[in-house]
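> CSV, C-alpha atoms and all ligand atoms, saved as target-v1.csv, coming up:
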chain,number,residue,atom,x,y,z
F,989,MET,CA,-42.9,-10.7,52.4
F,990,LYS,CA,-41.4,-9.5,49.2
F,991,VAL,CA,-38.7,-6.8,49.2
F,992,CYS,CA,-37.8,-4.5,46.4
F,993,SER,CA,-34.2,-3.2,46.7
F,994,VAL,CA,-33.0,-0.2,44.7
F,995,PHE,CA,-29.5,1.3,44.6
F,996,SER,CA,-28.5,-2.2,45.9
F,997,GLY,CA,-24.8,-1.8,45.4
F,998,CYS,CA,-23.0,-5.0,46.5
F,999,GLY,CA,-25.9,-5.9,48.8
F,1000,GLY,CA,-25.0,-4.7,52.3
F,1001,MET,CA,-28.5,-3.4,52.9
F,1002,ASP,CA,-30.1,-6.4,51.2
F,1003,LEU,CA,-28.1,-8.9,53.4
F,1004,GLY,CA,-29.2,-7.1,56.5
F,1005,ALA,CA,-32.8,-7.1,55.3
F,1006,ILE,CA,-32.7,-10.9,54.5
F,1007,GLY,CA,-30.6,-11.9,57.6
F,1008,GLY,CA,-29.4,-15.5,58.1
F,1009,PHE,CA,-25.7,-14.6,58.4
F,1010,LYS,CA,-22.9,-14.8,61.0
F,1011,TYR,CA,-20.8,-11.9,62.2
F,1012,ALA,CA,-18.5,-11.6,65.2
F,1013,HIS,CA,-19.8,-14.7,67.1
F,1014,ASN,CA,-23.4,-13.8,66.5
F,1015,HIS,CA,-25.9,-15.3,64.2
F,1016,TYR,CA,-28.4,-12.9,62.7
F,1017,SER,CA,-31.5,-14.9,62.0
F,1018,ASN,CA,-33.4,-15.0,58.8
F,1019,HIS,CA,-36.2,-12.3,58.5
F,1020,ASN,CA,-38.2,-14.6,56.3
F,1021,VAL,CA,-38.3,-12.1,53.4
F,1022,GLU,CA,-37.5,-12.6,49.7
F,1023,ILE,CA,-35.9,-10.1,47.4
F,1024,ALA,CA,-38.2,-9.8,44.5
F,1025,PHE,CA,-36.2,-7.1,42.7
F,1026,SER,CA,-32.7,-5.7,43.1
F,1027,SER,CA,-30.7,-3.4,40.8
F,1028,ASP,CA,-27.7,-1.0,40.6
F,1029,ILE,CA,-26.0,0.9,37.8
F,1030,ASP,CA,-22.5,-0.1,38.8
F,1031,PRO,CA,-21.5,-3.3,37.0
F,1032,TYR,CA,-18.8,-4.2,39.5
F,1033,ALA,CA,-21.2,-3.8,42.5
F,1034,VAL,CA,-23.7,-6.0,40.6
F,1035,ASN,CA,-21.1,-8.6,40.0
F,1036,ILE,CA,-20.2,-8.7,43.7
F,1037,TYR,CA,-23.9,-8.9,44.5
F,1038,ASN,CA,-24.6,-11.7,42.1
F,1039,ASP,CA,-21.7,-13.8,43.5
F,1040,ASN,CA,-23.2,-13.6,47.0
F,1041,PHE,CA,-27.0,-14.1,46.5
F,1042,GLU,CA,-29.0,-16.8,44.8
F,1043,HIS,CA,-31.4,-14.2,43.4
F,1044,LYS,CA,-29.8,-11.8,40.9
F,1045,SER,CA,-29.4,-8.0,40.8
F,1046,ILE,CA,-30.2,-6.3,37.5
F,1047,LEU,CA,-27.6,-4.0,36.0
F,1048,GLY,CA,-29.1,-0.7,34.9
F,1049,ASP,CA,-30.3,2.8,35.6
F,1050,ILE,CA,-33.3,2.8,37.9
F,1051,ARG,CA,-34.9,5.6,35.9
F,1052,SER,CA,-35.5,3.1,33.1
F,1053,LEU,CA,-35.7,-0.1,35.1
F,1054,LYS,CA,-38.4,1.1,37.5
F,1055,LYS,CA,-41.1,0.0,35.1
F,1056,SER,CA,-40.1,-3.6,35.6
F,1057,VAL,CA,-40.3,-3.4,39.4
F,1058,PRO,CA,-42.9,-6.1,40.5
F,1059,SER,CA,-45.3,-5.6,43.3
F,1060,HIS,CA,-43.7,-5.9,46.8
F,1061,ASP,CA,-44.3,-5.3,50.5
F,1062,ILE,CA,-41.1,-3.5,51.5
F,1063,LEU,CA,-39.0,-1.0,49.5
F,1064,ILE,CA,-35.4,-0.5,50.6
F,1065,GLY,CA,-32.8,1.8,49.2
F,1066,GLY,CA,-29.8,3.8,50.2
F,1067,PHE,CA,-30.2,6.5,47.5
F,1068,PRO,CA,-27.0,8.1,46.2
F,1069,CYS,CA,-25.4,10.4,48.7
F,1070,GLN,CA,-22.5,12.1,47.0
F,1071,SER,CA,-24.3,15.4,46.4
F,1072,PHE,CA,-25.5,15.5,50.1
F,1073,SER,CA,-22.2,14.5,51.8
F,1074,VAL,CA,-20.2,17.1,53.6
F,1075,VAL,CA,-17.0,15.2,52.9
F,1076,ALA,CA,-14.7,16.1,50.0
F,1077,GLN,CA,-17.1,18.1,47.9
F,1078,ASN,CA,-15.6,19.2,44.6
F,1079,PRO,CA,-17.7,20.7,43.0
F,1080,PRO,CA,-19.5,22.0,46.1
F,1081,ARG,CA,-22.4,19.9,47.3
F,1082,LEU,CA,-25.5,20.7,45.2
F,1083,GLY,CA,-27.9,18.4,47.1
F,1084,TYR,CA,-31.1,17.8,45.3
F,1085,LYS,CA,-30.1,20.3,42.6
F,1086,ASN,CA,-27.8,17.7,41.2
F,1087,GLU,CA,-29.1,14.9,38.9
F,1088,ASN,CA,-27.8,12.3,41.5
F,1089,GLY,CA,-29.4,14.2,44.3
F,1090,LYS,CA,-32.8,13.8,42.6
F,1091,LEU,CA,-32.7,10.0,42.6
F,1092,PHE,CA,-34.8,9.7,45.8
F,1093,PHE,CA,-37.7,10.6,43.5
F,1094,GLU,CA,-37.3,7.2,41.9
F,1095,MET,CA,-38.1,5.6,45.3
F,1096,VAL,CA,-41.1,8.0,45.6
F,1097,ASP,CA,-42.4,7.0,42.2
F,1098,ILE,CA,-42.1,3.3,43.1
F,1099,LEU,CA,-44.0,3.9,46.3
F,1100,LYS,CA,-46.8,5.7,44.4
F,1101,THR,CA,-47.1,2.8,41.9
F,1102,HIS,CA,-46.8,-0.2,44.1
F,1103,LYS,CA,-47.9,1.1,47.5
F,1104,PRO,CA,-45.8,-1.3,49.6
F,1105,LYS,CA,-46.5,-1.5,53.4
F,1106,VAL,CA,-43.2,0.1,54.4
F,1107,PHE,CA,-40.1,1.6,53.0
F,1108,ILE,CA,-36.6,2.0,54.5
F,1109,ALA,CA,-34.3,4.7,53.1
F,1110,GLU,CA,-30.7,5.4,54.2
F,1111,ASN,CA,-28.4,8.3,53.5
F,1112,VAL,CA,-25.5,10.3,54.9
F,1113,LYS,CA,-26.1,12.7,57.8
F,1114,GLY,CA,-25.3,15.6,55.5
F,1115,LEU,CA,-28.8,15.1,54.0
F,1116,LEU,CA,-30.2,16.9,57.0
F,1117,SER,CA,-28.1,20.1,56.3
F,1118,ALA,CA,-27.9,20.0,52.5
F,1119,ASN,CA,-29.3,22.9,50.4
F,1120,ASN,CA,-29.5,25.1,53.5
F,1121,LYS,CA,-31.6,22.5,55.2
F,1122,GLN,CA,-34.1,22.5,52.4
F,1123,ALA,CA,-33.3,19.1,51.0
F,1124,PHE,CA,-34.4,17.0,53.9
F,1125,PRO,CA,-37.9,18.5,54.3
F,1126,LEU,CA,-38.3,18.0,50.5
F,1127,VAL,CA,-37.4,14.3,50.8
F,1128,ILE,CA,-39.7,13.8,53.8
F,1129,GLN,CA,-42.6,15.7,52.2
F,1130,SER,CA,-42.2,13.8,48.9
F,1131,PHE,CA,-42.4,10.4,50.8
F,1132,GLU,CA,-45.4,11.7,52.8
F,1133,ASP,CA,-47.1,12.8,49.6
F,1134,ALA,CA,-46.7,9.3,48.3
F,1135,GLY,CA,-48.9,8.1,51.2
F,1136,TYR,CA,-46.4,7.3,54.0
F,1137,ARG,CA,-46.2,8.3,57.6
F,1138,CYS,CA,-42.4,8.9,58.0
F,1139,THR,CA,-40.1,8.8,61.0
F,1140,PHE,CA,-36.3,9.2,60.9
F,1141,LYS,CA,-33.2,8.9,63.1
F,1142,ILE,CA,-29.5,9.1,62.8
F,1143,LEU,CA,-28.0,5.8,63.8
F,1144,ASN,CA,-24.4,5.1,64.6
F,1145,SER,CA,-23.0,1.7,63.7
F,1146,LEU,CA,-20.9,1.5,66.9
F,1147,ASP,CA,-24.1,1.2,68.9
F,1148,TYR,CA,-25.1,-2.0,67.2
F,1149,GLY,CA,-22.1,-4.4,67.6
F,1150,ILE,CA,-20.0,-3.0,64.7
F,1151,PRO,CA,-16.5,-1.7,65.3
F,1152,GLN,CA,-17.0,1.5,63.3
F,1153,LYS,CA,-18.3,5.1,63.9
F,1154,ARG,CA,-20.6,5.6,61.1
F,1155,GLU,CA,-23.6,7.9,61.4
F,1156,ARG,CA,-26.3,7.6,58.8
F,1157,VAL,CA,-29.9,8.8,58.7
F,1158,PHE,CA,-32.6,6.2,58.3
F,1159,ILE,CA,-36.0,7.2,57.1
F,1160,ILE,CA,-38.8,4.7,57.7
F,1161,GLY,CA,-42.3,5.2,56.2
F,1162,PHE,CA,-45.4,3.1,56.9
F,1163,ARG,CA,-48.7,3.1,54.9
F,1164,GLU,CA,-50.7,1.9,57.9
F,1165,ALA,CA,-50.9,4.2,60.9
F,1166,GLU,CA,-51.0,1.2,63.3
F,1167,HIS,CA,-47.6,0.0,62.0
F,1168,GLY,CA,-46.2,3.5,62.3
F,1169,ASP,CA,-47.4,3.7,65.8
F,1170,ALA,CA,-45.9,0.4,66.7
F,1171,PHE,CA,-42.5,1.2,65.3
F,1172,ALA,CA,-39.5,2.2,67.4
F,1173,PHE,CA,-35.9,2.5,66.2
F,1174,PRO,CA,-33.6,-0.3,67.6
F,1175,ASP,CA,-32.1,0.5,71.0
F,1176,ALA,CA,-28.3,0.9,71.3
F,1177,LEU,CA,-26.7,-2.3,72.4
F,1178,ASP,CA,-23.9,-2.9,74.9
F,1179,SER,CA,-21.1,-4.2,72.7
F,1180,THR,CA,-17.4,-4.5,73.3
F,1181,ILE,CA,-16.3,-5.1,69.7
F,1182,VAL,CA,-13.4,-2.8,68.6
F,1183,LEU,CA,-11.2,-2.4,65.6
F,1184,LYS,CA,-8.5,-4.9,66.8
F,1185,ASP,CA,-11.1,-7.6,66.8
F,1186,VAL,CA,-11.4,-7.5,63.0
F,1187,LEU,CA,-7.8,-6.9,62.0
F,1188,GLU,CA,-5.6,-9.4,60.2
F,1189,GLN,CA,-2.6,-10.8,62.0
F,1190,GLU,CA,0.0,-8.2,61.2
F,1191,ASN,CA,2.6,-10.7,59.9
F,1192,LYS,CA,0.0,-12.0,57.4
F,1193,VAL,CA,-0.7,-8.7,55.7
F,1194,GLU,CA,0.8,-8.4,52.2
F,1195,SER,CA,3.6,-5.8,51.8
F,1196,LYS,CA,1.5,-3.9,49.2
F,1197,TYR,CA,-0.7,-2.5,52.0
F,1198,PHE,CA,2.2,-0.8,53.8
F,1199,PHE,CA,3.2,2.7,53.0
F,1200,SER,CA,6.7,3.3,51.8
F,1201,GLN,CA,9.4,4.8,54.0
F,1202,LYS,CA,9.5,7.8,51.7
F,1203,ALA,CA,5.8,8.4,52.3
F,1204,ILE,CA,6.2,8.1,56.0
F,1205,ASP,CA,9.3,10.4,56.1
F,1206,GLY,CA,7.4,13.0,54.1
F,1207,MET,CA,4.4,12.8,56.5
F,1208,LEU,CA,6.6,13.1,59.6
F,1209,ARG,CA,8.5,16.1,58.1
F,1210,ASN,CA,5.4,17.9,57.2
F,1211,ARG,CA,3.3,16.8,60.2
F,1212,GLU,CA,2.0,20.3,60.9
F,1213,ARG,CA,0.8,21.1,57.4
F,1214,MET,CA,-0.6,17.7,56.6
F,1215,ASN,CA,-3.6,15.7,57.7
F,1216,LYS,CA,-1.0,13.2,59.0
F,1217,GLY,CA,-3.0,10.2,58.1
F,1218,ARG,CA,-5.9,9.4,60.3
F,1219,VAL,CA,-4.2,6.7,62.4
F,1220,GLN,CA,-6.8,4.5,64.1
F,1221,ASP,CA,-6.5,3.2,67.7
F,1222,PRO,CA,-7.0,-0.6,67.4
F,1223,ASN,CA,-8.6,-0.5,70.9
F,1224,ARG,CA,-11.5,1.7,69.8
F,1225,HIS,CA,-14.0,2.0,67.0
F,1226,CYS,CA,-12.7,2.8,63.5
F,1227,ASN,CA,-13.6,6.1,61.8
F,1228,THR,CA,-16.0,5.9,58.9
F,1229,ILE,CA,-14.9,3.6,56.1
F,1230,SER,CA,-15.3,5.6,52.8
F,1231,ALA,CA,-15.6,4.4,49.2
F,1232,HIS,CA,-12.0,5.6,48.4
F,1233,LEU,CA,-9.9,3.6,50.7
F,1234,SER,CA,-7.8,2.5,47.8
F,1235,LYS,CA,-6.6,6.1,47.6
F,1236,ALA,CA,-6.0,6.4,51.4
F,1237,SER,CA,-2.6,8.1,51.9
F,1238,LEU,CA,-0.8,9.4,54.9
F,1239,ASN,CA,-2.2,12.8,53.9
F,1240,SER,CA,-5.8,12.0,53.4
F,1241,VAL,CA,-8.8,11.9,55.8
F,1242,ASP,CA,-9.3,8.2,55.3
F,1243,PRO,CA,-8.4,6.0,58.3
F,1244,VAL,CA,-5.1,4.2,58.3
F,1245,LEU,CA,-3.2,2.0,60.7
F,1246,CYS,CA,0.1,2.3,62.5
F,1247,ILE,CA,1.1,-1.0,64.2
F,1248,ASN,CA,4.6,-1.6,65.6
F,1249,ASP,CA,5.6,1.7,63.9
F,1250,ARG,CA,4.6,0.5,60.5
F,1251,TYR,CA,1.9,2.5,58.6
F,1252,ARG,CA,-0.5,0.8,56.3
F,1253,ARG,CA,-3.9,0.9,54.8
F,1254,PHE,CA,-6.7,-1.6,55.5
F,1255,THR,CA,-7.0,-4.7,53.4
F,1256,PRO,CA,-10.4,-5.0,51.6
F,1257,ARG,CA,-11.3,-7.9,53.9
F,1258,GLU,CA,-10.6,-5.8,57.0
F,1259,ALA,CA,-12.7,-3.0,55.5
F,1260,ALA,CA,-15.5,-5.5,54.9
F,1261,ARG,CA,-15.3,-6.7,58.5
F,1262,ILE,CA,-15.3,-3.1,59.8
F,1263,GLN,CA,-18.5,-2.8,57.8
F,1264,SER,CA,-19.9,-6.0,59.4
F,1265,PHE,CA,-19.9,-8.2,56.3
F,1266,PRO,CA,-19.6,-11.9,57.2
F,1267,GLU,CA,-16.3,-13.7,56.3
F,1268,SER,CA,-18.3,-15.7,53.7
F,1269,PHE,CA,-19.2,-12.6,51.6
F,1270,LEU,CA,-17.1,-12.7,48.4
F,1271,PHE,CA,-15.5,-9.7,46.7
F,1272,ASN,CA,-14.1,-11.2,43.5
F,1273,VAL,CA,-13.2,-7.8,41.9
F,1274,SER,CA,-10.1,-5.6,41.9
F,1275,ASN,CA,-9.2,-4.1,45.3
F,1276,THR,CA,-10.3,-0.6,44.1
F,1277,ARG,CA,-13.7,-1.9,43.1
F,1278,ALA,CA,-14.0,-3.9,46.3
F,1279,TYR,CA,-13.1,-0.9,48.5
F,1280,LYS,CA,-15.7,1.2,46.6
F,1281,ALA,CA,-18.5,-1.2,47.0
F,1282,ILE,CA,-17.7,-1.9,50.7
F,1283,GLY,CA,-17.4,1.8,51.5
F,1284,ASN,CA,-20.7,2.6,49.9
F,1285,ALA,CA,-22.6,-0.2,51.7
F,1286,VAL,CA,-25.0,0.0,54.5
F,1287,PRO,CA,-23.5,-2.2,57.3
F,1288,PRO,CA,-25.5,-5.5,57.1
F,1289,VAL,CA,-25.6,-5.8,60.9
F,1290,LEU,CA,-27.0,-2.2,61.3
F,1291,MET,CA,-29.6,-2.9,58.6
F,1292,TRP,CA,-30.5,-6.2,60.3
F,1293,HIS,CA,-31.4,-4.3,63.5
F,1294,VAL,CA,-33.4,-1.7,61.6
F,1295,MET,CA,-35.2,-4.5,59.7
F,1296,GLN,CA,-35.9,-6.3,62.9
F,1297,SER,CA,-37.6,-3.2,64.3
F,1298,VAL,CA,-39.7,-2.9,61.2
F,1299,MET,CA,-40.7,-6.5,61.4
F,1300,ILE,CA,-41.6,-6.1,65.1
F,1301,ALA,CA,-43.8,-3.2,64.2
F,1302,MET,CA,-45.5,-5.4,61.6
F,1303,ASN,CA,-45.7,-8.3,64.0
F,1304,ASN,CA,-43.2,-10.5,62.3
F,1305,SER,CA,-40.0,-10.6,64.3
F,1306,VAL,CA,-36.9,-12.9,64.7
F,1307,THR,CA,-33.9,-12.8,67.0
F,1308,ILE,CA,-30.1,-12.8,67.3
F,1309,GLU,CA,-28.5,-16.0,68.5
F,1310,ALA,CA,-25.0,-16.8,69.6
F,1311,ALA,CA,-23.4,-18.6,66.6
S,1,LIG,C1,-25.0,4.3,48.8
S,1,LIG,S1,-24.8,3.2,47.5
S,1,LIG,C2,-25.9,1.9,48.0
S,1,LIG,C3,-25.2,0.8,48.7
S,1,LIG,C4,-26.1,-0.4,49.0
S,1,LIG,N1,-27.3,0.1,49.7
S,1,LIG,C5,-25.4,-1.4,49.9
S,1,LIG,O1,-25.8,-1.5,51.1
S,1,LIG,O2,-24.5,-2.1,49.5
S,1,LIG,C6,-25.7,3.9,46.2
S,1,LIG,C7,-25.8,3.1,44.9
S,1,LIG,O3,-26.6,3.8,44.0
S,1,LIG,C8,-26.1,3.4,42.7
S,1,LIG,N2,-26.7,4.3,41.7
S,1,LIG,C9,-26.3,5.6,41.4
S,1,LIG,N3,-27.1,6.1,40.4
S,1,LIG,C10,-27.9,5.1,40.0
S,1,LIG,C11,-28.9,5.0,39.1
S,1,LIG,N4,-29.3,6.1,38.3
S,1,LIG,N5,-29.6,3.8,38.9
S,1,LIG,C12,-29.3,2.8,39.7
S,1,LIG,N6,-28.4,2.8,40.7
S,1,LIG,C13,-27.7,3.9,40.8
S,1,LIG,C14,-24.6,3.4,42.8
S,1,LIG,O4,-23.9,2.6,41.8
S,1,LIG,C15,-24.4,2.9,44.3
S,1,LIG,O5,-24.1,1.5,44.3
Could you render the structure from this file as structure tokens?
Ligand SMILES: C[S@@+](CC[C@H](N)C(=O)[O-])C[C@H]1O[C@@H](n2cnc3c(N)ncnc32)[C@H](O)[C@@H]1O

Amino acid sequence: MKVCSVFSGCGGMDLGAIGGFKYAHNHYSNHNVEIAFSSDIDPYAVNIYNDNFEHKSILGDIRSLKKSVPSHDILIGGFPCQSFSVVAQNPPRLGYKNENGKLFFEMVDILKTHKPKVFIAENVKGLLSANNKQAFPLVIQSFEDAGYRCTFKILNSLDYGIPQKRERVFIIGFREAEHGDAFAFPDALDSTIVLKDVLEQENKVESKYFFSQKAIDGMLRNRERMNKGRVQDPNRHCNTISAHLSKASLNSVDPVLCINDRYRRFTPREAARIQSFPESFLFNVSNTRAYKAIGNAVPPVLMWHVMQSVMIAMNNSVTIEAA
């Protein structure tokens, strides 16, 4: 089957859709699909993508590129979420009243033109409450008007063998009623993976990732007034990895570590592992660009499970094997 991927970023969702990768002692089988089109507007994300896949992602704005989308069976896309997110909104979240918040209409247009069998859309949980709860019904109605029977669910990455709490809404729409009837979201798994399983050995972490004594003293002095840094417990799941981990400070809401009384931020590789990218996935860009692409991504393992459920509904499934 042919997949069209829009808003592809560095390819987290695409990797999960394709399968055929290892993560945390598991091998996620190939789903026997081929990416026929992939694109993103961010040149750094496209560079990362193109370093990791044989097929290439096209750099550009989907509003002008959509005319070159070829016919396909499956449309996937995590449409931009900033205007729906409840985190750090400045200016306040405008939802679909912001240009970025209207980009899901690009997926709707592609569905109307190409009529693929199924689509998978992903977004932040805030989509459900944005615009006084008006945005989500508009999104669903628009997909249904394009000819799709839609179902949605909030999935948490920690239920699928990923050491991160990350709640995201997945919307799945089928053209054929029989596929829609056969579809069920993946069941939560029994998984023991936690943050410490994906951390570097502490003595191998470069000094640039540690906070200065001045920053720590300032945080400890102002403990009551500050966010105190969101220190993560290595024995549990990590809080959501955001796109601005490069700016994580001891007074931000981003997760940080304190091991042996030393405070530090995650390395990009640790952030990638927390997002379930395989070790082999390359991030040959600056740390700031890498953190951004990683934080924006759909965890490949989570997408793999969603894709597997879609394939089962369409009678085309594969399995996880021990690596
Ligand atoms: C949530 S991220 C998607 C991440 C991706 N699904 C992954 O798993 O790696 C949304 C992406 O939409 C891209 N984007 C925003 N506006 C766009 C536009 N007008 N045309 C194409 N891509 C756009 C951003 O650069 C960003 O990479």
> I'd like the neighbourhood of segment 1115-1124 of chain F as a PyMOL selection string, where a residue qualifies if any of its atoms comes within 12 Å (using only C-alpha atoms), though same-chain residues fewer than 4 positions away should be ignored.
chain F and resi 1066-1075+1077+1080-1086+1089-1090+1092+1109-1111+1128-1131+1140-1142+1155-1159
> Measure the distance from atom CA of Ser1240 of chain F to atom CA of Pro1266 of chain F in Å and round it to one decimal.
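So the answer is 27.9 Å.
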> Taking all atoms listed in the file into account, report as a PyMOL selection string which residues have an atom no farther than 6 Å from an atom of ligand LIG 1 (chain S).
chain F and resi 995-1001+1028-1030+1048-1050+1065-1068+1284-1286
> Between atom CA of Ile1160 of chain F and atom CA of Pro1104 of chain F, what is the spacing in Å?
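Interatomic distance here is 12.3 Å.
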> Between F:Ala1024, F:Leu1146, F:Leu1238, F:Ile1247, which has the minimum distance to Val1193 of chain F (counting all atoms listed in the file)?
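Comparing F:Ala1024, F:Leu1146, F:Leu1238, F:Ile1247 against Val1193 of chain F, the winner is F:Ile1247.
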> Here's a test: counting only C-alpha atoms, identify every protein, DNA and RNA residue with an atom at most 10 Å from (-44.4, -5.4, 67.1) in the file's coordinate frame, and state them as a PDB file with C-alpha atoms, in the frame of the given file.

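So the final result, stored in out.pdb, reads:
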ATOM      1  CA  HIS F1167     -47.600   0.000  62.000  1.00  0.00           C
ATOM      2  CA  ASP F1169     -47.400   3.700  65.800  1.00  0.00           C
ATOM      3  CA  ALA F1170     -45.900   0.400  66.700  1.00  0.00           C
ATOM      4  CA  PHE F1171     -42.500   1.200  65.300  1.00  0.00           C
ATOM      5  CA  ALA F1172     -39.500   2.200  67.400  1.00  0.00           C
ATOM      6  CA  GLN F1296     -35.900  -6.300  62.900  1.00  0.00           C
ATOM      7  CA  SER F1297     -37.600  -3.200  64.300  1.00  0.00           C
ATOM      8  CA  VAL F1298     -39.700  -2.900  61.200  1.00  0.00           C
ATOM      9  CA  MET F1299     -40.700  -6.500  61.400  1.00  0.00           C
ATOM     10  CA  ILE F1300     -41.600  -6.100  65.100  1.00  0.00           C
ATOM     11  CA  ALA F1301     -43.800  -3.200  64.200  1.00  0.00           C
ATOM     12  CA  MET F1302     -45.500  -5.400  61.600  1.00  0.00           C
ATOM     13  CA  ASN F1303     -45.700  -8.300  64.000  1.00  0.00           C
ATOM     14  CA  ASN F1304     -43.200 -10.500  62.300  1.00  0.00           C
ATOM     15  CA  SER F1305     -40.000 -10.600  64.300  1.00  0.00           C
TER      16      SER F1305
END
> Would you list the contacts of Thr1276 of chain F as a short mmCIF file (atom, residue, chain, number, x, y, z; two decimals) with C-alpha atoms, in the coordinates of the input, taking every protein, DNA or RNA residue within 9 Å and counting all atoms listed in the file, but skipping same-chain residues closer than 5 positions in sequence?

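Heads up, here's the output in result_17.cif:
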data_model
loop_
_atom_site.label_atom_id
_atom_site.label_comp_id
_atom_site.auth_asym_id
_atom_site.auth_seq_id
_atom_site.Cartn_x
_atom_site.Cartn_y
_atom_site.Cartn_z
CA ALA F 1231 -15.60 4.40 49.20
CA HIS F 1232 -12.00 5.60 48.40
CA LEU F 1233 -9.90 3.60 50.70
CA SER F 1234 -7.80 2.50 47.80
CA LYS F 1235 -6.60 6.10 47.60
CA PRO F 1256 -10.40 -5.00 51.60
CA ALA F 1281 -18.50 -1.20 47.00
#
> May I ask you to restore all heavy atoms in segment 1129-1135 of chain F and write the result as a PDB file, in the coordinates of the input?

ATOM      1  N   GLN F1129     -41.281  15.314  52.725  1.00  0.00           N
ATOM      2  CA  GLN F1129     -42.600  15.700  52.200  1.00  0.00           C
ATOM      3  C   GLN F1129     -42.950  14.841  50.963  1.00  0.00           C
ATOM      4  O   GLN F1129     -44.103  14.424  50.800  1.00  0.00           O
ATOM      5  CB  GLN F1129     -42.559  17.195  51.782  1.00  0.00           C
ATOM      6  CG  GLN F1129     -43.934  17.778  51.468  1.00  0.00           C
ATOM      7  CD  GLN F1129     -44.888  17.683  52.661  1.00  0.00           C
ATOM      8  OE1 GLN F1129     -44.542  18.134  53.755  1.00  0.00           O
ATOM      9  NE2 GLN F1129     -46.062  17.092  52.465  1.00  0.00           N
ATOM     10  N   SER F1130     -41.934  14.555  50.136  1.00  0.00           N
ATOM     11  CA  SER F1130     -42.200  13.800  48.900  1.00  0.00           C
ATOM     12  C   SER F1130     -42.632  12.340  49.318  1.00  0.00           C
ATOM     13  O   SER F1130     -43.546  11.778  48.712  1.00  0.00           O
ATOM     14  CB  SER F1130     -40.943  13.678  48.047  1.00  0.00           C
ATOM     15  OG  SER F1130     -40.479  14.967  47.773  1.00  0.00           O
ATOM     16  N   PHE F1131     -41.983  11.775  50.345  1.00  0.00           N
ATOM     17  CA  PHE F1131     -42.400  10.400  50.800  1.00  0.00           C
ATOM     18  C   PHE F1131     -43.792  10.490  51.424  1.00  0.00           C
ATOM     19  O   PHE F1131     -44.605   9.598  51.236  1.00  0.00           O
ATOM     20  CB  PHE F1131     -41.387   9.881  51.827  1.00  0.00           C
ATOM     21  CG  PHE F1131     -40.098   9.360  51.223  1.00  0.00           C
ATOM     22  CD1 PHE F1131     -38.857   9.669  51.798  1.00  0.00           C
ATOM     23  CD2 PHE F1131     -40.103   8.537  50.113  1.00  0.00           C
ATOM     24  CE1 PHE F1131     -37.671   9.180  51.259  1.00  0.00           C
ATOM     25  CE2 PHE F1131     -38.920   8.042  49.561  1.00  0.00           C
ATOM     26  CZ  PHE F1131     -37.704   8.365  50.146  1.00  0.00           C
ATOM     27  N   GLU F1132     -44.069  11.565  52.151  1.00  0.00           N
ATOM     28  CA  GLU F1132     -45.400  11.700  52.800  1.00  0.00           C
ATOM     29  C   GLU F1132     -46.483  11.839  51.728  1.00  0.00           C
ATOM     30  O   GLU F1132     -47.562  11.244  51.825  1.00  0.00           O
ATOM     31  CB  GLU F1132     -45.412  12.771  53.834  1.00  0.00           C
ATOM     32  CG  GLU F1132     -44.452  12.388  54.973  1.00  0.00           C
ATOM     33  CD  GLU F1132     -44.757  13.001  56.321  1.00  0.00           C
ATOM     34  OE1 GLU F1132     -45.294  14.123  56.346  1.00  0.00           O
ATOM     35  OE2 GLU F1132     -44.425  12.353  57.341  1.00  0.00           O
ATOM     36  N   ASP F1133     -46.168  12.637  50.699  1.00  0.00           N
ATOM     37  CA  ASP F1133     -47.100  12.800  49.600  1.00  0.00           C
ATOM     38  C   ASP F1133     -47.446  11.538  48.877  1.00  0.00           C
ATOM     39  O   ASP F1133     -48.498  11.398  48.249  1.00  0.00           O
ATOM     40  CB  ASP F1133     -46.637  13.889  48.614  1.00  0.00           C
ATOM     41  CG  ASP F1133     -46.636  15.290  49.226  1.00  0.00           C
ATOM     42  OD1 ASP F1133     -47.236  15.473  50.314  1.00  0.00           O
ATOM     43  OD2 ASP F1133     -46.010  16.195  48.635  1.00  0.00           O
ATOM     44  N   ALA F1134     -46.502  10.581  48.960  1.00  0.00           N
ATOM     45  CA  ALA F1134     -46.700   9.300  48.300  1.00  0.00           C
ATOM     46  C   ALA F1134     -47.621   8.388  49.180  1.00  0.00           C
ATOM     47  O   ALA F1134     -47.946   7.265  48.793  1.00  0.00           O
ATOM     48  CB  ALA F1134     -45.387   8.598  48.046  1.00  0.00           C
ATOM     49  N   GLY F1135     -47.973   8.862  50.374  1.00  0.00           N
ATOM     50  CA  GLY F1135     -48.900   8.100  51.200  1.00  0.00           C
ATOM     51  C   GLY F1135     -48.274   7.435  52.416  1.00  0.00           C
ATOM     52  O   GLY F1135     -48.827   6.471  52.951  1.00  0.00           O
TER      53      GLY F1135
END
